[in-house]
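Structure data (CSV, C-alpha atoms) from protein.csv:
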chain,number,residue,atom,x,y,z
A,1,MET,CA,-123.1,122.6,161.5
A,2,TYR,CA,-124.9,121.7,164.7
A,3,THR,CA,-128.4,120.6,165.2
A,4,ASN,CA,-130.5,120.1,168.4
A,5,ALA,CA,-130.3,116.3,167.9
A,6,ILE,CA,-130.8,115.1,171.4
A,7,SER,CA,-134.2,114.9,173.2
A,8,ILE,CA,-133.6,115.9,176.8
A,9,PRO,CA,-136.4,116.2,179.4
A,10,PRO,CA,-137.3,119.8,180.1
A,11,SER,CA,-136.4,121.4,183.4
A,12,THR,CA,-135.9,124.8,185.0
A,13,SER,CA,-133.3,123.4,187.4
A,14,THR,CA,-129.6,123.7,186.9
A,15,VAL,CA,-126.4,122.8,188.6
A,16,SER,CA,-123.1,124.7,189.0
A,17,VAL,CA,-120.2,122.7,187.5
A,18,SER,CA,-116.5,123.3,188.0
A,19,ILE,CA,-113.9,121.2,186.0
A,20,LEU,CA,-111.0,120.2,188.1
A,21,ASN,CA,-107.7,119.9,186.2
A,22,LEU,CA,-106.1,117.2,188.2
A,23,PRO,CA,-102.3,117.4,188.5
A,24,LEU,CA,-101.7,114.0,186.8
A,25,ILE,CA,-98.9,114.3,184.3
A,26,THR,CA,-99.2,111.4,181.8
A,27,THR,CA,-97.2,111.8,178.6
A,28,GLY,CA,-95.9,109.6,175.9
A,29,ILE,CA,-98.7,107.1,176.1
A,30,THR,CA,-98.7,104.5,173.4
A,31,THR,CA,-101.7,104.8,171.2
A,32,ALA,CA,-102.1,101.1,170.3
A,33,PRO,CA,-104.1,99.9,173.3
A,34,PHE,CA,-106.5,102.9,173.0
A,35,LEU,CA,-107.1,103.5,169.3
A,36,GLY,CA,-106.3,102.3,165.8
A,37,PRO,CA,-105.6,101.5,163.0
A,38,ALA,CA,-102.1,102.9,163.5
A,39,ILE,CA,-101.3,106.3,162.0
A,40,LYS,CA,-97.6,106.6,161.2
A,41,GLY,CA,-96.2,109.5,163.2
A,42,PHE,CA,-98.9,109.3,165.8
A,43,GLU,CA,-97.6,106.5,168.0
A,44,THR,CA,-97.9,108.3,171.3
A,45,PHE,CA,-100.2,110.9,172.9
A,46,ASP,CA,-100.5,112.9,176.1
A,47,VAL,CA,-103.5,112.7,178.3
A,48,ALA,CA,-105.1,115.1,180.8
A,49,SER,CA,-107.2,114.1,183.9
A,50,TYR,CA,-110.4,115.9,184.8
A,51,ALA,CA,-113.0,115.6,187.5
A,52,PHE,CA,-116.0,117.7,188.3
A,53,LEU,CA,-117.5,119.5,191.4
A,54,ILE,CA,-121.2,119.7,190.9
A,55,ALA,CA,-123.5,121.8,193.1
A,56,ASN,CA,-127.3,121.9,193.3
A,57,GLY,CA,-128.1,124.6,195.9
A,58,ASP,CA,-126.3,123.6,199.0
A,59,ARG,CA,-125.8,120.0,197.9
A,60,ARG,CA,-122.4,119.1,196.5
A,61,ILE,CA,-121.2,116.0,194.7
A,62,VAL,CA,-117.9,115.1,192.9
A,63,PHE,CA,-117.8,113.1,189.6
A,64,ASP,CA,-114.6,111.1,189.5
A,65,LEU,CA,-111.5,111.5,191.7
A,66,GLY,CA,-108.6,111.1,189.3
A,67,ALA,CA,-105.5,109.2,190.1
A,68,PRO,CA,-104.3,108.7,193.7
A,69,LYS,CA,-101.2,110.7,194.7
A,70,ASN,CA,-99.3,107.7,196.1
A,71,TRP,CA,-100.3,105.3,193.5
A,72,GLU,CA,-97.5,102.8,194.4
A,73,THR,CA,-99.3,102.1,197.7
A,74,ASP,CA,-102.8,103.5,197.1
A,75,LEU,CA,-103.6,100.7,194.6
A,76,PRO,CA,-103.5,96.9,194.7
A,77,PRO,CA,-100.1,95.5,193.7
A,78,SER,CA,-101.3,94.2,190.3
A,79,VAL,CA,-102.8,97.6,189.4
A,80,ALA,CA,-99.7,99.5,190.6
A,81,ALA,CA,-97.6,97.2,188.4
A,82,GLY,CA,-99.7,98.2,185.4
A,83,VAL,CA,-99.0,101.9,186.1
A,84,GLN,CA,-95.3,101.1,186.5
A,85,ALA,CA,-95.4,99.3,183.1
A,86,VAL,CA,-96.6,102.6,181.5
A,87,ILE,CA,-93.4,104.2,182.9
A,88,ASP,CA,-91.2,101.3,181.9
A,89,ASN,CA,-92.5,101.7,178.3
A,90,GLY,CA,-91.5,105.3,178.1
A,91,GLY,CA,-94.5,107.0,179.5
A,92,THR,CA,-94.5,109.6,182.3
A,93,VAL,CA,-96.8,109.4,185.3
A,94,HIS,CA,-96.7,112.0,188.1
A,95,VAL,CA,-99.5,112.8,190.5
A,96,GLU,CA,-99.1,115.9,192.7
A,97,ASP,CA,-102.2,116.0,194.8
A,98,TYR,CA,-105.3,114.1,195.9
A,99,LEU,CA,-108.5,115.7,194.7
A,100,SER,CA,-109.5,116.1,198.3
A,101,ASP,CA,-106.5,118.2,198.9
A,102,ILE,CA,-107.4,120.5,196.0
A,103,LEU,CA,-110.9,121.0,197.4
A,104,VAL,CA,-109.7,121.8,200.9
A,105,ARG,CA,-107.1,124.2,199.5
A,106,GLU,CA,-110.0,126.2,197.9
A,107,SER,CA,-112.1,126.2,201.0
A,108,VAL,CA,-114.5,123.4,200.0
A,109,PRO,CA,-115.0,121.3,203.2
A,110,LEU,CA,-115.0,117.6,202.5
A,111,GLU,CA,-117.9,117.3,204.9
A,112,SER,CA,-120.0,119.3,202.4
A,113,ILE,CA,-119.7,116.6,199.7
A,114,GLU,CA,-122.7,114.3,199.9
A,115,SER,CA,-121.4,111.8,197.4
A,116,VAL,CA,-118.4,110.9,195.3
A,117,ILE,CA,-119.2,109.2,192.0
A,118,TRP,CA,-116.8,106.7,190.4
A,119,SER,CA,-117.4,106.8,186.6
A,120,HIS,CA,-115.7,103.4,186.7
A,121,THR,CA,-113.0,101.5,188.6
A,122,HIS,CA,-109.9,102.3,186.7
A,123,TRP,CA,-106.9,103.5,188.7
A,124,ASP,CA,-106.9,107.1,187.3
A,125,HIS,CA,-110.6,107.7,188.2
A,126,MET,CA,-111.0,106.2,191.7
A,127,GLY,CA,-108.5,108.5,193.6
A,128,ARG,CA,-108.8,108.1,197.4
A,129,ALA,CA,-112.5,107.9,198.3
A,130,SER,CA,-111.3,107.0,201.8
A,131,LEU,CA,-110.0,110.5,202.4
A,132,PHE,CA,-113.6,111.8,202.5
A,133,PRO,CA,-115.6,111.5,205.7
A,134,SER,CA,-117.8,108.5,206.3
A,135,THR,CA,-120.9,110.7,205.7
A,136,THR,CA,-120.0,110.9,202.0
A,137,ASP,CA,-121.7,108.3,199.9
A,138,LEU,CA,-119.7,106.4,197.2
A,139,VAL,CA,-121.8,106.1,194.0
A,140,MET,CA,-120.9,103.7,191.2
A,141,GLY,CA,-122.4,101.7,188.4
A,142,ALA,CA,-124.2,98.4,188.8
A,143,GLY,CA,-122.3,95.2,189.3
A,144,ILE,CA,-119.1,96.6,190.7
A,145,MET,CA,-119.6,95.4,194.3
A,146,GLU,CA,-120.7,92.0,193.1
A,147,GLU,CA,-117.6,91.7,190.9
A,148,PHE,CA,-115.0,93.2,193.2
A,149,GLY,CA,-116.7,93.1,196.6
A,150,GLN,CA,-115.0,94.7,199.6
A,151,GLY,CA,-111.7,95.3,197.8
A,152,TYR,CA,-108.2,94.1,197.9
A,153,PRO,CA,-106.9,91.9,199.7
A,154,LEU,CA,-110.3,90.5,200.6
A,155,ASN,CA,-110.9,90.2,196.8
A,156,GLU,CA,-107.6,89.7,195.1
A,157,SER,CA,-108.9,90.7,191.7
A,158,SER,CA,-110.3,94.0,193.0
A,159,PRO,CA,-108.9,97.2,191.4
A,160,TYR,CA,-109.3,99.1,194.6
A,161,LEU,CA,-108.2,98.7,198.2
A,162,ALA,CA,-110.7,97.6,200.9
A,163,ARG,CA,-110.3,100.9,202.7
A,164,GLU,CA,-111.9,102.8,199.8
A,165,VAL,CA,-115.3,101.1,200.2
A,166,GLN,CA,-115.4,100.3,203.9
A,167,GLY,CA,-117.3,102.3,206.5
A,168,ARG,CA,-119.5,104.3,204.1
A,169,ASN,CA,-122.8,104.0,202.2
A,170,ILE,CA,-122.3,102.4,198.8
A,171,ARG,CA,-124.9,103.3,196.2
A,172,GLU,CA,-125.0,101.4,192.9
A,173,ILE,CA,-127.0,102.9,190.1
A,174,HIS,CA,-129.1,100.2,188.4
A,175,PHE,CA,-130.6,100.5,185.0
A,176,THR,CA,-133.4,98.3,183.6
A,177,LYS,CA,-135.1,97.8,180.2
A,178,LYS,CA,-137.7,100.2,181.5
A,179,SER,CA,-135.2,103.0,182.2
A,180,LYS,CA,-135.8,106.1,180.2
A,181,ARG,CA,-133.1,107.3,177.7
A,182,ILE,CA,-131.4,110.5,176.7
A,183,GLY,CA,-129.7,110.2,173.3
A,184,GLY,CA,-130.0,106.5,173.4
A,185,LEU,CA,-128.4,106.2,176.8
A,186,GLN,CA,-130.3,105.1,179.9
A,187,TYR,CA,-130.4,107.7,182.6
A,188,PHE,CA,-130.9,108.3,186.3
A,189,ASP,CA,-132.0,111.7,187.5
A,190,TYR,CA,-129.6,112.2,190.4
A,191,PHE,CA,-131.2,115.2,192.2
A,192,GLY,CA,-134.7,114.4,190.9
A,193,ASP,CA,-135.2,117.8,189.2
A,194,GLY,CA,-133.6,117.3,185.8
A,195,SER,CA,-130.4,119.2,186.6
A,196,PHE,CA,-128.0,116.3,186.6
A,197,TYR,CA,-128.3,112.9,185.1
A,198,LEU,CA,-126.1,109.8,185.4
A,199,LEU,CA,-126.0,108.0,182.0
A,200,ASP,CA,-125.3,104.3,181.5
A,201,ALA,CA,-122.4,104.2,179.1
A,202,PRO,CA,-121.4,100.5,179.1
A,203,GLY,CA,-118.4,98.9,177.4
A,204,HIS,CA,-115.3,100.6,178.5
A,205,GLU,CA,-115.5,99.0,182.0
A,206,LEU,CA,-118.1,97.4,184.3
A,207,GLY,CA,-120.6,100.0,185.4
A,208,HIS,CA,-119.1,102.8,183.3
A,209,LEU,CA,-121.1,106.0,183.8
A,210,ASN,CA,-121.3,109.4,182.2
A,211,GLY,CA,-122.7,112.6,183.7
A,212,LEU,CA,-125.0,115.1,182.0
A,213,ALA,CA,-125.4,118.5,183.7
A,214,ARG,CA,-127.8,121.2,182.8
A,215,VAL,CA,-125.9,124.3,183.4
A,216,THR,CA,-128.1,127.1,182.0
A,217,THR,CA,-131.7,127.5,181.0
A,218,ASN,CA,-133.2,129.9,178.4
A,219,PRO,CA,-131.4,128.6,176.5
A,220,ASP,CA,-130.7,125.2,177.9
A,221,THR,CA,-127.0,124.2,177.8
A,222,PHE,CA,-125.4,121.1,179.1
A,223,ILE,CA,-122.0,119.6,179.9
A,224,LEU,CA,-121.5,115.9,179.1
A,225,MET,CA,-118.9,114.3,181.4
A,226,GLY,CA,-117.7,111.6,179.1
A,227,ALA,CA,-115.4,109.7,181.4
A,228,ASP,CA,-113.5,107.2,179.2
A,229,ASP,CA,-115.9,107.0,176.3
A,230,TYR,CA,-112.8,108.2,174.4
A,231,HIS,CA,-109.2,109.0,175.3
A,232,HIS,CA,-108.4,111.0,172.2
A,233,VAL,CA,-110.9,113.0,170.2
A,234,SER,CA,-109.7,111.3,167.0
A,235,THR,CA,-112.0,108.4,167.9
A,236,LEU,CA,-115.0,110.8,168.1
A,237,ARG,CA,-114.5,113.3,165.2
A,238,PRO,CA,-115.2,113.9,162.5
A,239,SER,CA,-118.6,112.3,162.2
A,240,LYS,CA,-121.8,112.7,160.2
A,241,ASN,CA,-122.9,115.0,163.0
A,242,VAL,CA,-119.7,117.0,163.0
A,243,PRO,CA,-118.1,116.8,159.6
A,244,LEU,CA,-114.6,118.0,158.9
A,245,PRO,CA,-114.8,121.4,157.2
A,246,ALA,CA,-112.8,122.6,154.2
A,247,LYS,CA,-111.0,125.2,156.2
A,248,ILE,CA,-110.1,125.0,159.9
A,249,LYS,CA,-108.7,127.5,162.4
A,250,LEU,CA,-107.1,126.0,165.5
A,251,THR,CA,-107.0,127.8,168.8
A,252,GLU,CA,-103.4,126.7,169.3
A,253,SER,CA,-101.7,125.8,166.0
A,254,PRO,CA,-98.3,124.2,165.4
A,255,GLU,CA,-95.9,126.5,163.5
A,256,SER,CA,-95.8,124.2,160.6
A,257,TYR,CA,-99.6,124.3,160.0
A,258,PRO,CA,-100.9,126.7,157.4
A,259,VAL,CA,-103.6,129.2,158.5
A,260,PRO,CA,-106.3,128.5,157.8
A,261,LEU,CA,-105.7,124.8,157.8
A,262,PRO,CA,-107.1,122.9,154.7
A,263,GLY,CA,-109.2,120.0,155.8
A,264,LYS,CA,-108.2,118.0,152.8
A,265,ILE,CA,-104.6,117.6,154.0
A,266,PHE,CA,-105.8,115.1,156.6
A,267,ALA,CA,-107.2,112.7,154.0
A,268,LYS,CA,-103.8,111.1,153.5
A,269,ILE,CA,-103.5,110.0,157.1
A,270,HIS,CA,-107.2,108.9,157.5
A,271,PRO,CA,-107.7,105.1,157.5
A,272,SER,CA,-110.1,105.5,154.5
A,273,SER,CA,-107.1,106.3,152.3
A,274,HIS,CA,-106.2,102.6,152.5
A,275,PRO,CA,-109.5,100.8,152.7
A,276,GLU,CA,-108.0,97.4,151.8
A,277,ASP,CA,-106.0,97.6,155.1
A,278,LEU,CA,-109.0,98.3,157.4
A,279,PRO,CA,-109.6,95.6,160.0
A,280,ASP,CA,-113.2,94.5,160.5
A,281,TRP,CA,-113.4,96.5,163.8
A,282,ALA,CA,-112.5,99.7,161.9
A,283,ALA,CA,-114.8,99.1,158.9
A,284,ASN,CA,-116.8,102.2,159.7
A,285,LEU,CA,-113.9,104.6,159.1
A,286,THR,CA,-114.8,105.1,155.5
A,287,SER,CA,-114.8,108.9,155.0
A,288,PRO,CA,-112.0,111.4,155.9
A,289,THR,CA,-114.6,114.1,156.5
A,290,ARG,CA,-117.5,112.1,158.1
A,291,SER,CA,-115.9,109.3,160.1
A,292,PRO,CA,-113.3,109.5,162.9
A,293,PHE,CA,-109.6,109.0,162.4
A,294,ALA,CA,-109.5,106.0,164.7
A,295,THR,CA,-111.6,103.7,166.9
A,296,ALA,CA,-110.9,101.4,169.8
A,297,PRO,CA,-109.4,98.0,168.9
A,298,LEU,CA,-111.5,94.9,169.6
A,299,THR,CA,-108.6,92.9,170.9
A,300,GLY,CA,-105.4,93.8,172.8
A,301,GLY,CA,-106.8,97.0,174.2
A,302,LEU,CA,-108.0,98.2,177.6
A,303,ILE,CA,-111.8,97.9,177.0
A,304,ARG,CA,-113.9,95.3,178.7
A,305,ASP,CA,-116.6,95.1,175.9
A,306,PRO,CA,-115.4,96.9,172.8
A,307,ILE,CA,-118.6,96.3,170.8
A,308,LEU,CA,-120.7,98.0,173.5
A,309,ALA,CA,-118.1,100.8,173.8
A,310,HIS,CA,-118.2,101.4,170.1
A,311,ASP,CA,-122.0,101.8,170.3
A,312,VAL,CA,-121.7,104.3,173.1
A,313,VAL,CA,-119.3,106.4,171.0
A,314,THR,CA,-121.8,106.4,168.2
A,315,LYS,CA,-124.4,107.7,170.6
A,316,VAL,CA,-122.0,110.3,172.1
A,317,GLN,CA,-121.4,111.6,168.6
A,318,ALA,CA,-125.0,112.7,168.5
A,319,PHE,CA,-124.4,114.6,171.8
A,320,ASP,CA,-121.4,116.1,170.1
A,321,GLY,CA,-123.5,117.3,167.2
A,322,ASP,CA,-126.0,119.1,169.5
A,323,LYS,CA,-125.0,122.8,169.9
A,324,ARG,CA,-126.3,122.8,173.4
A,325,VAL,CA,-123.9,120.1,174.7
A,326,PHE,CA,-120.2,120.6,175.5
A,327,LEU,CA,-118.3,117.4,175.8
A,328,VAL,CA,-115.5,116.9,178.4
A,329,GLY,CA,-113.8,113.5,178.1
A,330,ALA,CA,-111.8,112.7,181.2
A,331,HIS,CA,-108.5,112.7,179.3
A,332,ASP,CA,-109.0,115.2,176.5
A,333,SER,CA,-105.8,117.2,176.6
A,334,SER,CA,-107.0,119.4,173.7
A,335,LEU,CA,-109.2,121.3,176.2
A,336,LEU,CA,-106.3,122.3,178.5
A,337,ASP,CA,-105.7,125.8,176.9
A,338,ILE,CA,-109.4,126.4,176.2
A,339,VAL,CA,-111.6,125.8,179.3
A,340,GLU,CA,-111.4,127.5,182.7
A,341,PHE,CA,-110.8,125.3,185.7
A,342,PHE,CA,-111.8,125.1,189.3
A,343,PRO,CA,-112.4,127.2,191.3
A,344,LYS,CA,-114.0,128.9,188.3
A,345,THR,CA,-117.2,127.4,186.9
A,346,ALA,CA,-117.9,126.1,183.4
A,347,ASN,CA,-121.5,127.1,183.2
A,348,ASN,CA,-121.0,129.8,180.6
A,349,TRP,CA,-119.1,127.6,178.2
A,350,MET,CA,-121.4,128.5,175.3
A,351,ALA,CA,-121.1,132.3,175.8
A,352,LYS,CA,-117.3,131.8,175.9
A,353,GLY,CA,-117.2,129.8,172.7
A,354,TRP,CA,-115.5,126.7,174.2
A,355,LYS,CA,-117.2,124.2,171.9
A,356,GLU,CA,-116.1,126.0,168.7
A,357,LYS,CA,-112.6,126.6,170.0
A,358,ALA,CA,-112.1,123.0,171.1
A,359,ARG,CA,-113.8,121.2,168.1
A,360,TRP,CA,-110.7,120.6,166.0
A,361,GLN,CA,-107.9,121.3,168.4
A,362,PHE,CA,-106.9,117.6,168.5
A,363,LEU,CA,-105.7,117.9,164.9
A,364,ALA,CA,-102.6,119.6,166.3
A,365,ASP,CA,-101.5,116.2,167.5
A,366,PHE,CA,-101.1,115.0,163.9
A,367,GLU,CA,-98.2,117.4,163.1
A,368,GLU,CA,-95.6,114.6,162.7
A,369,ALA,CA,-98.0,112.3,160.9
A,370,LEU,CA,-98.7,115.0,158.3
A,371,GLY,CA,-94.9,115.6,157.8
A,372,LEU,CA,-95.4,119.4,157.5
What would you get if you wrote out this structure as structure tokens?
Amino acid sequence: MYTNAISIPPSTSTVSVSILNLPLITTGITTAPFLGPAIKGFETFDVASYAFLIANGDRRIVFDLGAPKNWETDLPPSVAAGVQAVIDNGGTVHVEDYLSDILVRESVPLESIESVIWSHTHWDHMGRASLFPSTTDLVMGAGIMEEFGQGYPLNESSPYLAREVQGRNIREIHFTKKSKRIGGLQYFDYFGDGSFYLLDAPGHELGHLNGLARVTTNPDTFILMGADDYHHVSTLRPSKNVPLPAKIKLTESPESYPVPLPGKIFAKIHPSSHPEDLPDWAANLTSPTRSPFATAPLTGGLIRDPILAHDVVTKVQAFDGDKRVFLVGAHDSSLLDIVEFFPKTANNWMAKGWKEKARWQFLADFEEALGL
């Protein structure tokens, strides 16, 4: 099924990666702002929240910080009001710890973190950078400081408080037309040795970044930190790179699902079953086995530039089709019972079969839609 589709520069250097399962409980999220066209019986979904501890020798960095514990006061009023709206609409939001607390609890000194990377400036990714010492750099995509400056209240439209960016070195990652690409995405070689790349993944939000970590050599294997490229895997799979098979075995299967699960039963809920109803922005969802079940809406959603974001998803599908690359979207709850979390490392994901186990697990979310 998989091919080595992505050209990645060779290197003998690797990083150690741990996935942090952040204690953010977010359930009953309405699908409409994130994906469509609507699938009856799939009106809400649950999301996870992941961040990453990355080590290159004695150098440590963190990719994303998750949601802040005290979001009511850790965020500008307008952003906190948006979180409250999720709760008012029937969702559940509960944050137990700051990421920094989790690191300290597992004997990782905050002074050892050379930089914190914001994949973007949405509330559930920025955490509390201000809890790290001033010696920790804050890394982000280009344009954020120009747009939001020194934070709220100095800039009333800023999604972060002033304390989060003050008193520390801010590094923006700039890409140009001359920047080299991996899988169609421009990259920055963070450590300079090919072990960890920051990828320009525009569209979802200003300065949206992905991370690509080389975790083993001989053979080369990688982890793609997909941030908010997708919130539910139904906007990623199936694809021409990863087609839906005739028979599927889920790692965790609802009791109503037959085993093995016939792929053809999903055709009736796929948007292609009603091509006359497809909006222009979902015109690519033409095959129940080779196109995703959903895509991000062009209007009324939470994406800054949906056209750019759609293009990024198309490129990420090629990474998904590469047997060497394991995708971890920041909110992919289908991974919760499959991967091993910090303080364990994720470097041996291939040997443990995580990619195969996770590939179709999201289909369990369609139990009500299928009416089985």
Polymer residues at most 9 Å from (-114.3, 107.3, 173.0) by all atoms listed in the file, as a ChimeraX atom specification: /A:34-35,204,226-236,295-296,309-310,312-314,316,329
For the residues in that selection, give me C-alpha atoms as a compact mmCIF listing (two decimals), in the frame of the given file.
# COMPACT_ATOMS: atom_id res chain seq x y z
CA PHE A 34 -106.50 102.90 173.00
CA LEU A 35 -107.10 103.50 169.30
CA HIS A 204 -115.30 100.60 178.50
CA GLY A 226 -117.70 111.60 179.10
CA ALA A 227 -115.40 109.70 181.40
CA ASP A 228 -113.50 107.20 179.20
CA ASP A 229 -115.90 107.00 176.30
CA TYR A 230 -112.80 108.20 174.40
CA HIS A 231 -109.20 109.00 175.30
CA HIS A 232 -108.40 111.00 172.20
CA VAL A 233 -110.90 113.00 170.20
CA SER A 234 -109.70 111.30 167.00
CA THR A 235 -112.00 108.40 167.90
CA LEU A 236 -115.00 110.80 168.10
CA THR A 295 -111.60 103.70 166.90
CA ALA A 296 -110.90 101.40 169.80
CA ALA A 309 -118.10 100.80 173.80
CA HIS A 310 -118.20 101.40 170.10
CA VAL A 312 -121.70 104.30 173.10
CA VAL A 313 -119.30 106.40 171.00
CA THR A 314 -121.80 106.40 168.20
CA VAL A 316 -122.00 110.30 172.10
CA GLY A 329 -113.80 113.50 178.10
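You will find CA of His331 in chain A at 21.8 Å from CA of Thr221 in chain A.
Nearest to Asn56 in chain A of all the residues A:Ala5, A:Val83, A:Lys69, A:Val215 is A:Val215, counting all atoms listed in the file.
Separating CA of Glu106 in chain A from CA of Ile170 in chain A is a distance of 26.8 Å.
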CA of Asn21 in chain A to CA of Phe341 in chain A, distance in Å rounded to a single decimal: 6.2 Å
Residue neighbourhood Asp322 in chain A, 12 Å, all atoms listed in the file, exclusion window fewer than 4 positions, as a ChimeraX atom specification: /A:1-8,183,220-224,241-242,315-318,326-327,350,355
Produce a file of the selected residues containing C-alpha atoms, as a PDB file, keeping the file's coordinate frame.
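New file result03.pdb:
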ATOM      1  CA  MET A   1    -123.100 122.600 161.500  1.00  0.00           C
ATOM      2  CA  TYR A   2    -124.900 121.700 164.700  1.00  0.00           C
ATOM      3  CA  THR A   3    -128.400 120.600 165.200  1.00  0.00           C
ATOM      4  CA  ASN A   4    -130.500 120.100 168.400  1.00  0.00           C
ATOM      5  CA  ALA A   5    -130.300 116.300 167.900  1.00  0.00           C
ATOM      6  CA  ILE A   6    -130.800 115.100 171.400  1.00  0.00           C
ATOM      7  CA  SER A   7    -134.200 114.900 173.200  1.00  0.00           C
ATOM      8  CA  ILE A   8    -133.600 115.900 176.800  1.00  0.00           C
ATOM      9  CA  GLY A 183    -129.700 110.200 173.300  1.00  0.00           C
ATOM     10  CA  ASP A 220    -130.700 125.200 177.900  1.00  0.00           C
ATOM     11  CA  THR A 221    -127.000 124.200 177.800  1.00  0.00           C
ATOM     12  CA  PHE A 222    -125.400 121.100 179.100  1.00  0.00           C
ATOM     13  CA  ILE A 223    -122.000 119.600 179.900  1.00  0.00           C
ATOM     14  CA  LEU A 224    -121.500 115.900 179.100  1.00  0.00           C
ATOM     15  CA  ASN A 241    -122.900 115.000 163.000  1.00  0.00           C
ATOM     16  CA  VAL A 242    -119.700 117.000 163.000  1.00  0.00           C
ATOM     17  CA  LYS A 315    -124.400 107.700 170.600  1.00  0.00           C
ATOM     18  CA  VAL A 316    -122.000 110.300 172.100  1.00  0.00           C
ATOM     19  CA  GLN A 317    -121.400 111.600 168.600  1.00  0.00           C
ATOM     20  CA  ALA A 318    -125.000 112.700 168.500  1.00  0.00           C
ATOM     21  CA  PHE A 326    -120.200 120.600 175.500  1.00  0.00           C
ATOM     22  CA  LEU A 327    -118.300 117.400 175.800  1.00  0.00           C
ATOM     23  CA  MET A 350    -121.400 128.500 175.300  1.00  0.00           C
ATOM     24  CA  LYS A 355    -117.200 124.200 171.900  1.00  0.00           C
TER      25      LYS A 355
END
Nearest residue to His125 in chain A from the set A:Lys344, A:Arg290, A:Lys40, A:His208 (distances using all atoms listed in the file): A:His208
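Remark: for Phe342 in chain A, the closest of the candidate residues A:Arg105, A:Lys268, A:His94, A:Arg359 is A:Arg105 (distances computed over only C-alpha atoms).
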Nearby residues (only C-alpha atoms) at most 12 Å from Val139 in chain A, same-chain spacing under 6 positions excluded, as a tab-separated table (two decimals) with C-alpha atoms, in the coordinates of the input:
chain	number	residue	atom	x	y	z
A	61	ILE	CA	-121.20	116.00	194.70
A	62	VAL	CA	-117.90	115.10	192.90
A	63	PHE	CA	-117.80	113.10	189.60
A	64	ASP	CA	-114.60	111.10	189.50
A	65	LEU	CA	-111.50	111.50	191.70
A	114	GLU	CA	-122.70	114.30	199.90
A	115	SER	CA	-121.40	111.80	197.40
A	116	VAL	CA	-118.40	110.90	195.30
A	117	ILE	CA	-119.20	109.20	192.00
A	118	TRP	CA	-116.80	106.70	190.40
A	119	SER	CA	-117.40	106.80	186.60
A	120	HIS	CA	-115.70	103.40	186.70
A	121	THR	CA	-113.00	101.50	188.60
A	126	MET	CA	-111.00	106.20	191.70
A	129	ALA	CA	-112.50	107.90	198.30
A	145	MET	CA	-119.60	95.40	194.30
A	164	GLU	CA	-111.90	102.80	199.80
A	165	VAL	CA	-115.30	101.10	200.20
A	168	ARG	CA	-119.50	104.30	204.10
A	169	ASN	CA	-122.80	104.00	202.20
A	170	ILE	CA	-122.30	102.40	198.80
A	171	ARG	CA	-124.90	103.30	196.20
A	172	GLU	CA	-125.00	101.40	192.90
A	173	ILE	CA	-127.00	102.90	190.10
A	174	HIS	CA	-129.10	100.20	188.40
A	190	TYR	CA	-129.60	112.20	190.40
A	198	LEU	CA	-126.10	109.80	185.40
A	207	GLY	CA	-120.60	100.00	185.40
A	208	HIS	CA	-119.10	102.80	183.30
A	209	LEU	CA	-121.10	106.00	183.80
Exercise: Pro68 in chain A partners within 7 Å, only C-alpha atoms, chain neighbours under 2 positions left out, as a count of residues only: 7
Closest atom pairs, range 178-250 of chain A residues within 7 Å of range 256-265 of chain A, only C-alpha atoms, as a Markdown table:
| residue | atom | partner | partner_atom | distance |
| --- | --- | --- | --- | --- |
| A:Leu244 | CA | A:Gly263 | CA | 6.5 |
| A:Pro245 | CA | A:Gly263 | CA | 5.9 |
| A:Ala246 | CA | A:Gly263 | CA | 4.7 |
| A:Lys247 | CA | A:Pro262 | CA | 4.8 |
| A:Ile248 | CA | A:Leu261 | CA | 4.9 |
| A:Lys249 | CA | A:Pro260 | CA | 5.3 |
